[in-house]
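Chemist: Take this structure, written in structure tokens, and hold onto it; I'll ask about it next.
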Amino acid sequence: MSSDLLAGLNPEQLRAVTWPAQSALVLAGAGSGKTRVLTTRIAWLIQTGQISPAGVLAVTFTNKAAREMQARLSAMIPVNVRTMWIGTFHGLCNRLLRMHYRDAGLPQTFQILDSQDQLAAIKRLLKSLELSDEKFPPRTVQHFINGNKEAGNRADRLTAHDYYGQKLIELYATYDAQCRREGVVDFAELLLRSYELLSANQALCQHYRSRFRFILVDEFQDTNRLQYAWLRLLAGTDNALFAVGDDDQSIYAFRGAEVGNMRSLLRDYGIGDAIRLEQNYRSAGTILKAANALIEHNDGRLGKNLWTEAGDGEEIRFYEAWSDGDEAEFIVDEARALKREGLNLSDMAVLYRSNAQSRALEHALVNGRIPYRVYGGLRFFERQEIKHALAYLRLLANPEDDNALLRVINLPARGIGARTVEGLQAASAEGGMSLWQAVCGAGGGKRATSLAKFVLLIDAMRERSEGLTLAETVSLAIDDSGLRAMYEQDKKEGEERLANLDELINAAAAFVADEPSLALIEFLTSAALEAGEHQAEAGEDALQLMTVHAAKGLEFDAVFVSGLEEGLFPHENSLNDDKGLEEERRLMYVAVTRARKRLYLTCAQARMLHGQSRYPIRSRFVDEVPAALVKVLSSQSASASPAAPAAWQSAPAPRRSTAEIGGFRIGQSVCHAKFGLGVVVNAEGAGSDVRLQINFAEHGMKWLDLRYAKLQPA
């Protein structure tokens, strides 16, 4: 009976589930039971005879979410979920194209390229056209192609006013031709080809409109322009588009997500107002009050206010550490204390804005012998770019290291192919010598020239590193090897990989060697031991480490949100862009609402960057949390931060660093001839080489070199 399905729903959930055969937008706050609403609506539509199981089209963003929806439906009603079209955009488009491959201009056995396969295809294309990887980095080409496909643009619709842009368009067209010839499609092509198929074939489009009179979409705030256009094409003017989402949790603009699709839906389908699911079943009241206060600083929201019947719960804990190392130690100590109180480590999570922040945390956890797991990513010393950099350092320490040589002999690409490497390995085995000796003894020819350049590179790096500090040696290896330049050209993942490489420099700067003359050897040994430390096995109780992006959709009893400093969270790339800053605040909102019972906010007064200490101010997001909700754990000084709100002044808080850098201090007001009045918020460097980050009242955040800035105290 339908009454059994509806039992236990709150009034707004009931309103959403039993909504008439019309389009609707359901604003589902964090922890408000959106998955239950979505699946119950499908079950209710089937049970009340409004649709058949074969008439269900439900779109999710992950295969995991699709499987969960199918499992819940099977438990609710006796139905064969395999007849339903429930899946991701890519999965549903693949199903459509398989059924209508001829109309789509595809072979029946077309294959799908994943991201790595696509990248390999692009590399092969560049090689066949004799185009340099340096001038046209494969990942840049990949990003260009996918970005345009996701915007609905074929190559023949694009124009460019410069040689480079025109060449990218030509590569896009040639890549498409190569894919057609080989009978393959990439992920972005699945959606674009499906959209083009339905647009060009009105009879087919009408067939699916007649079949799918109810279209349901999860995580609607994450849709891009083409996905929304595909949904509109299927819905037409008569079908009901039922979208569930949360504009306050739209955090994927870098993937093309368009939060404006939510307002477009209201306008395009004449929806008077959204249904709001505001009752939260996850978090304590204090956590929800903090989340509400935080997100209210964003403009243009559709608006909602989370609440709970569960009571306020505990205060939010705030800790301002002296350094990033101190911050990590605090988190380790608190996790250990929570464990003693009976909380499982797996019910705790440490969230950070950037993957590079995990290094200090991992180091403290290894030393504290606390099992941990990096969710949705690799541990610091397992990351590709870190392994590459360590391989170069190992060659500086010992050129006879065959494994290190094999890893980087052609990375970045320098014309040393697999056949050349096989020849070196054969010569090494026959002569009973190391690969380095085989490289040094290579004969003449083009291949030998490339090998000779590699030998000269390593020898030159070794000579230049003499007399340098460990941090300077690591920095030199990253720069001179070409790793930094290679990742600077990677528009998609380069920024994160560069941040990890900079964190390796920080690790070297903080490393204390027992014997200074053997600092590099000891550092490499320490890195190898830390990389080899046991990581928690599946099912083992372990502390969870992850980026805030990876935490979306998860929840934990205790959550630590770390690195809450201006320039880090919110990220410095967002500080001069209102849209970027608002997305960072939504990211913070997601972080806060992952916590069920206890929430920690942490920051550091000093943090290593590029091997030097920076002195950031704490994130504005901390100050946007009402002081009445916060318990300050720091007790290093009775003086409150000058940047804190008045309500915080009575609470014991740490003293801000008052050390002068280049004659100025953090928090000092200054005046610039061009930019006007501002406040010093960050600093780096020493002596005559000092840069200050200043928040100008009229011009926003800027980094200025003191040698040229001519700043005056205000």
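We name chains A, B, ... following the order of the structure tokens; residues begin at 1 in each chain, and ligands are numbered from 1 as shown.
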Write out as a count of residues only all residues of range 211-448 of chain A that DSSP puts in alpha helix (DSSP H) for this structure's backbone.

Modeler: 102

Chemist: Find the spatial neighbours of range 256-260 of chain A, counting only C-alpha atoms, within a cut-off of 6 Å - ignore same-chain residues fewer than 5 positions away - and output them as a PDB file with all heavy atoms, in the first residue's frame.

Modeler:
ATOM      1  N   GLN A 221      22.532  20.192  -8.731  1.00  0.00           N
ATOM      2  CA  GLN A 221      23.446  21.347  -8.706  1.00  0.00           C
ATOM      3  C   GLN A 221      24.770  21.054  -9.402  1.00  0.00           C
ATOM      4  O   GLN A 221      25.519  21.977  -9.730  1.00  0.00           O
ATOM      5  CB  GLN A 221      23.719  21.800  -7.259  1.00  0.00           C
ATOM      6  CG  GLN A 221      24.703  20.934  -6.476  1.00  0.00           C
ATOM      7  CD  GLN A 221      24.084  19.672  -5.910  1.00  0.00           C
ATOM      8  OE1 GLN A 221      22.864  19.508  -5.964  1.00  0.00           O
ATOM      9  NE2 GLN A 221      24.893  18.783  -5.366  1.00  0.00           N
ATOM     10  N   ASP A 222      25.058  19.778  -9.654  1.00  0.00           N
ATOM     11  CA  ASP A 222      26.331  19.401 -10.281  1.00  0.00           C
ATOM     12  C   ASP A 222      26.231  19.246 -11.797  1.00  0.00           C
ATOM     13  O   ASP A 222      27.224  18.902 -12.447  1.00  0.00           O
ATOM     14  CB  ASP A 222      26.847  18.089  -9.677  1.00  0.00           C
ATOM     15  CG  ASP A 222      27.237  18.235  -8.205  1.00  0.00           C
ATOM     16  OD1 ASP A 222      27.543  19.367  -7.788  1.00  0.00           O
ATOM     17  OD2 ASP A 222      27.221  17.226  -7.477  1.00  0.00           O
ATOM     18  N   THR A 223      25.054  19.484 -12.369  1.00  0.00           N
ATOM     19  CA  THR A 223      24.908  19.336 -13.824  1.00  0.00           C
ATOM     20  C   THR A 223      25.628  20.455 -14.569  1.00  0.00           C
ATOM     21  O   THR A 223      25.679  21.593 -14.099  1.00  0.00           O
ATOM     22  CB  THR A 223      23.423  19.337 -14.240  1.00  0.00           C
ATOM     23  OG1 THR A 223      22.796  20.524 -13.728  1.00  0.00           O
ATOM     24  CG2 THR A 223      22.707  18.115 -13.719  1.00  0.00           C
ATOM     25  N   ASN A 224      26.169  20.121 -15.749  1.00  0.00           N
ATOM     26  CA  ASN A 224      26.747  21.154 -16.607  1.00  0.00           C
ATOM     27  C   ASN A 224      25.714  21.561 -17.666  1.00  0.00           C
ATOM     28  O   ASN A 224      24.596  21.052 -17.695  1.00  0.00           O
ATOM     29  CB  ASN A 224      28.071  20.685 -17.237  1.00  0.00           C
ATOM     30  CG  ASN A 224      27.908  19.454 -18.121  1.00  0.00           C
ATOM     31  OD1 ASN A 224      26.874  19.266 -18.763  1.00  0.00           O
ATOM     32  ND2 ASN A 224      28.944  18.617 -18.175  1.00  0.00           N
TER      33      ASN A 224
END

Chemist: Name the residues in contact with range 74-79 of chain A at a cut-off of 9 Å, using only C-alpha atoms, excluding same-chain residues fewer than 2 positions from it; report them as a list of chain:residue names.

Modeler: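 In the requested form, the answer reads A:Leu5, A:Thr39, A:Thr40, A:Ala43, A:Ile46, A:Gln47, A:Pro53, A:Met69, A:Gln70, A:Ala71, A:Arg72, A:Val81, A:Arg82, A:Thr83.
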
Chemist: Near Tyr392 in chain A, counting only C-alpha atoms, which residues have an atom at most 8 Å away, once you skip same-chain residues fewer than 4 positions from it, shown as a ChimeraX atom specification?

Modeler: /A:388,396,404-405,408,477,481

Chemist: With all heavy atoms retained, write the just-selected residues as a PDB file, in the first residue's frame.

Modeler:
ATOM      1  N   HIS A 388      58.485  10.663  -8.715  1.00  0.00           N
ATOM      2  CA  HIS A 388      59.383  11.164  -9.763  1.00  0.00           C
ATOM      3  C   HIS A 388      60.508  12.006  -9.150  1.00  0.00           C
ATOM      4  O   HIS A 388      61.689  11.831  -9.487  1.00  0.00           O
ATOM      5  CB  HIS A 388      58.609  12.026 -10.762  1.00  0.00           C
ATOM      6  CG  HIS A 388      57.597  11.280 -11.574  1.00  0.00           C
ATOM      7  ND1 HIS A 388      57.646   9.920 -11.775  1.00  0.00           N
ATOM      8  CD2 HIS A 388      56.495  11.724 -12.251  1.00  0.00           C
ATOM      9  CE1 HIS A 388      56.630   9.548 -12.538  1.00  0.00           C
ATOM     10  NE2 HIS A 388      55.921  10.618 -12.833  1.00  0.00           N
ATOM     11  N   LEU A 396      70.903  11.500  -7.738  1.00  0.00           N
ATOM     12  CA  LEU A 396      71.951  12.416  -7.266  1.00  0.00           C
ATOM     13  C   LEU A 396      72.777  11.739  -6.172  1.00  0.00           C
ATOM     14  O   LEU A 396      73.995  11.920  -6.106  1.00  0.00           O
ATOM     15  CB  LEU A 396      71.325  13.701  -6.711  1.00  0.00           C
ATOM     16  CG  LEU A 396      70.581  14.603  -7.692  1.00  0.00           C
ATOM     17  CD1 LEU A 396      70.209  15.917  -7.018  1.00  0.00           C
ATOM     18  CD2 LEU A 396      71.419  14.886  -8.936  1.00  0.00           C
ATOM     19  N   ALA A 404      65.475   3.908  -9.979  1.00  0.00           N
ATOM     20  CA  ALA A 404      65.288   5.354 -10.093  1.00  0.00           C
ATOM     21  C   ALA A 404      65.546   5.811 -11.526  1.00  0.00           C
ATOM     22  O   ALA A 404      64.807   6.634 -12.074  1.00  0.00           O
ATOM     23  CB  ALA A 404      66.221   6.082  -9.122  1.00  0.00           C
ATOM     24  N   LEU A 405      66.581   5.278 -12.144  1.00  0.00           N
ATOM     25  CA  LEU A 405      66.908   5.663 -13.518  1.00  0.00           C
ATOM     26  C   LEU A 405      65.785   5.287 -14.480  1.00  0.00           C
ATOM     27  O   LEU A 405      65.396   6.083 -15.338  1.00  0.00           O
ATOM     28  CB  LEU A 405      68.225   5.017 -13.931  1.00  0.00           C
ATOM     29  CG  LEU A 405      68.775   5.440 -15.301  1.00  0.00           C
ATOM     30  CD1 LEU A 405      70.300   5.516 -15.275  1.00  0.00           C
ATOM     31  CD2 LEU A 405      68.342   4.456 -16.401  1.00  0.00           C
ATOM     32  N   VAL A 408      62.763   7.767 -14.475  1.00  0.00           N
ATOM     33  CA  VAL A 408      62.817   9.155 -14.954  1.00  0.00           C
ATOM     34  C   VAL A 408      63.688   9.357 -16.194  1.00  0.00           C
ATOM     35  O   VAL A 408      63.859  10.493 -16.635  1.00  0.00           O
ATOM     36  CB  VAL A 408      63.299  10.101 -13.828  1.00  0.00           C
ATOM     37  CG1 VAL A 408      62.315  10.095 -12.675  1.00  0.00           C
ATOM     38  CG2 VAL A 408      64.706   9.740 -13.359  1.00  0.00           C
ATOM     39  N   ALA A 477      66.352  19.850  -7.805  1.00  0.00           N
ATOM     40  CA  ALA A 477      66.016  18.630  -8.540  1.00  0.00           C
ATOM     41  C   ALA A 477      64.670  18.772  -9.249  1.00  0.00           C
ATOM     42  O   ALA A 477      64.510  18.368 -10.394  1.00  0.00           O
ATOM     43  CB  ALA A 477      65.991  17.432  -7.592  1.00  0.00           C
ATOM     44  N   SER A 481      65.240  19.200 -13.347  1.00  0.00           N
ATOM     45  CA  SER A 481      64.818  17.976 -14.035  1.00  0.00           C
ATOM     46  C   SER A 481      63.744  18.257 -15.080  1.00  0.00           C
ATOM     47  O   SER A 481      63.522  17.460 -15.987  1.00  0.00           O
ATOM     48  CB  SER A 481      64.269  16.972 -13.021  1.00  0.00           C
ATOM     49  OG  SER A 481      63.077  17.474 -12.432  1.00  0.00           O
TER      50      SER A 481
END

Chemist: Tell me which protein, DNA and RNA residues are within 8 Å of Ala16 in chain A, counting only C-alpha atoms, leaving out same-chain ones fewer than 3 positions away, and put them as a PDB file with N, CA, C and O atoms, in the first residue's frame.

Modeler:
ATOM      1  N   GLU A  12       7.432  18.038   4.524  1.00  0.00           N
ATOM      2  CA  GLU A  12       8.035  18.487   3.269  1.00  0.00           C
ATOM      3  C   GLU A  12       8.489  17.304   2.411  1.00  0.00           C
ATOM      4  O   GLU A  12       8.405  17.339   1.187  1.00  0.00           O
ATOM      5  N   GLN A  13       8.987  16.254   3.053  1.00  0.00           N
ATOM      6  CA  GLN A  13       9.336  15.046   2.305  1.00  0.00           C
ATOM      7  C   GLN A  13       8.086  14.448   1.663  1.00  0.00           C
ATOM      8  O   GLN A  13       8.109  14.025   0.498  1.00  0.00           O
ATOM      9  N   TRP A  19       4.204  14.869  -5.037  1.00  0.00           N
ATOM     10  CA  TRP A  19       4.027  16.004  -5.945  1.00  0.00           C
ATOM     11  C   TRP A  19       3.284  15.537  -7.209  1.00  0.00           C
ATOM     12  O   TRP A  19       3.539  14.447  -7.713  1.00  0.00           O
ATOM     13  N   VAL A  26      13.505  20.279  -5.856  1.00  0.00           N
ATOM     14  CA  VAL A  26      13.555  19.992  -4.426  1.00  0.00           C
ATOM     15  C   VAL A  26      14.911  20.436  -3.900  1.00  0.00           C
ATOM     16  O   VAL A  26      15.948  19.883  -4.276  1.00  0.00           O
ATOM     17  N   VAL A  37      13.788  10.458  -0.340  1.00  0.00           N
ATOM     18  CA  VAL A  37      12.719  11.151  -1.058  1.00  0.00           C
ATOM     19  C   VAL A  37      12.690  10.724  -2.527  1.00  0.00           C
ATOM     20  O   VAL A  37      11.630  10.425  -3.093  1.00  0.00           O
ATOM     21  N   ARG A  41       9.702   8.511  -4.108  1.00  0.00           N
ATOM     22  CA  ARG A  41       8.850   9.077  -5.170  1.00  0.00           C
ATOM     23  C   ARG A  41       8.737   8.095  -6.343  1.00  0.00           C
ATOM     24  O   ARG A  41       7.654   7.891  -6.888  1.00  0.00           O
ATOM     25  N   ILE A 275      10.611  23.159  -3.407  1.00  0.00           N
ATOM     26  CA  ILE A 275      10.260  22.441  -2.179  1.00  0.00           C
ATOM     27  C   ILE A 275      11.527  22.367  -1.343  1.00  0.00           C
ATOM     28  O   ILE A 275      12.578  21.935  -1.830  1.00  0.00           O
TER      29      ILE A 275
END

Chemist: Which one of A:Val548, A:Leu57, A:Leu294, A:Ile112 sits closest to Tyr208 in chain A if you count only C-alpha atoms?

Modeler: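 Smallest distance to Tyr208 in chain A is found for A:Leu57.
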
Chemist: Considering only C-alpha atoms, state which residue in the set A:Ala510, A:Ala337, A:Ile316, A:Leu266 is at the smallest distance from Ile287 in chain A.

Modeler: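 Checking each of A:Ala510, A:Ala337, A:Ile316, A:Leu266 against Ile287 in chain A, counting only C-alpha atoms, the winner is A:Ile316.
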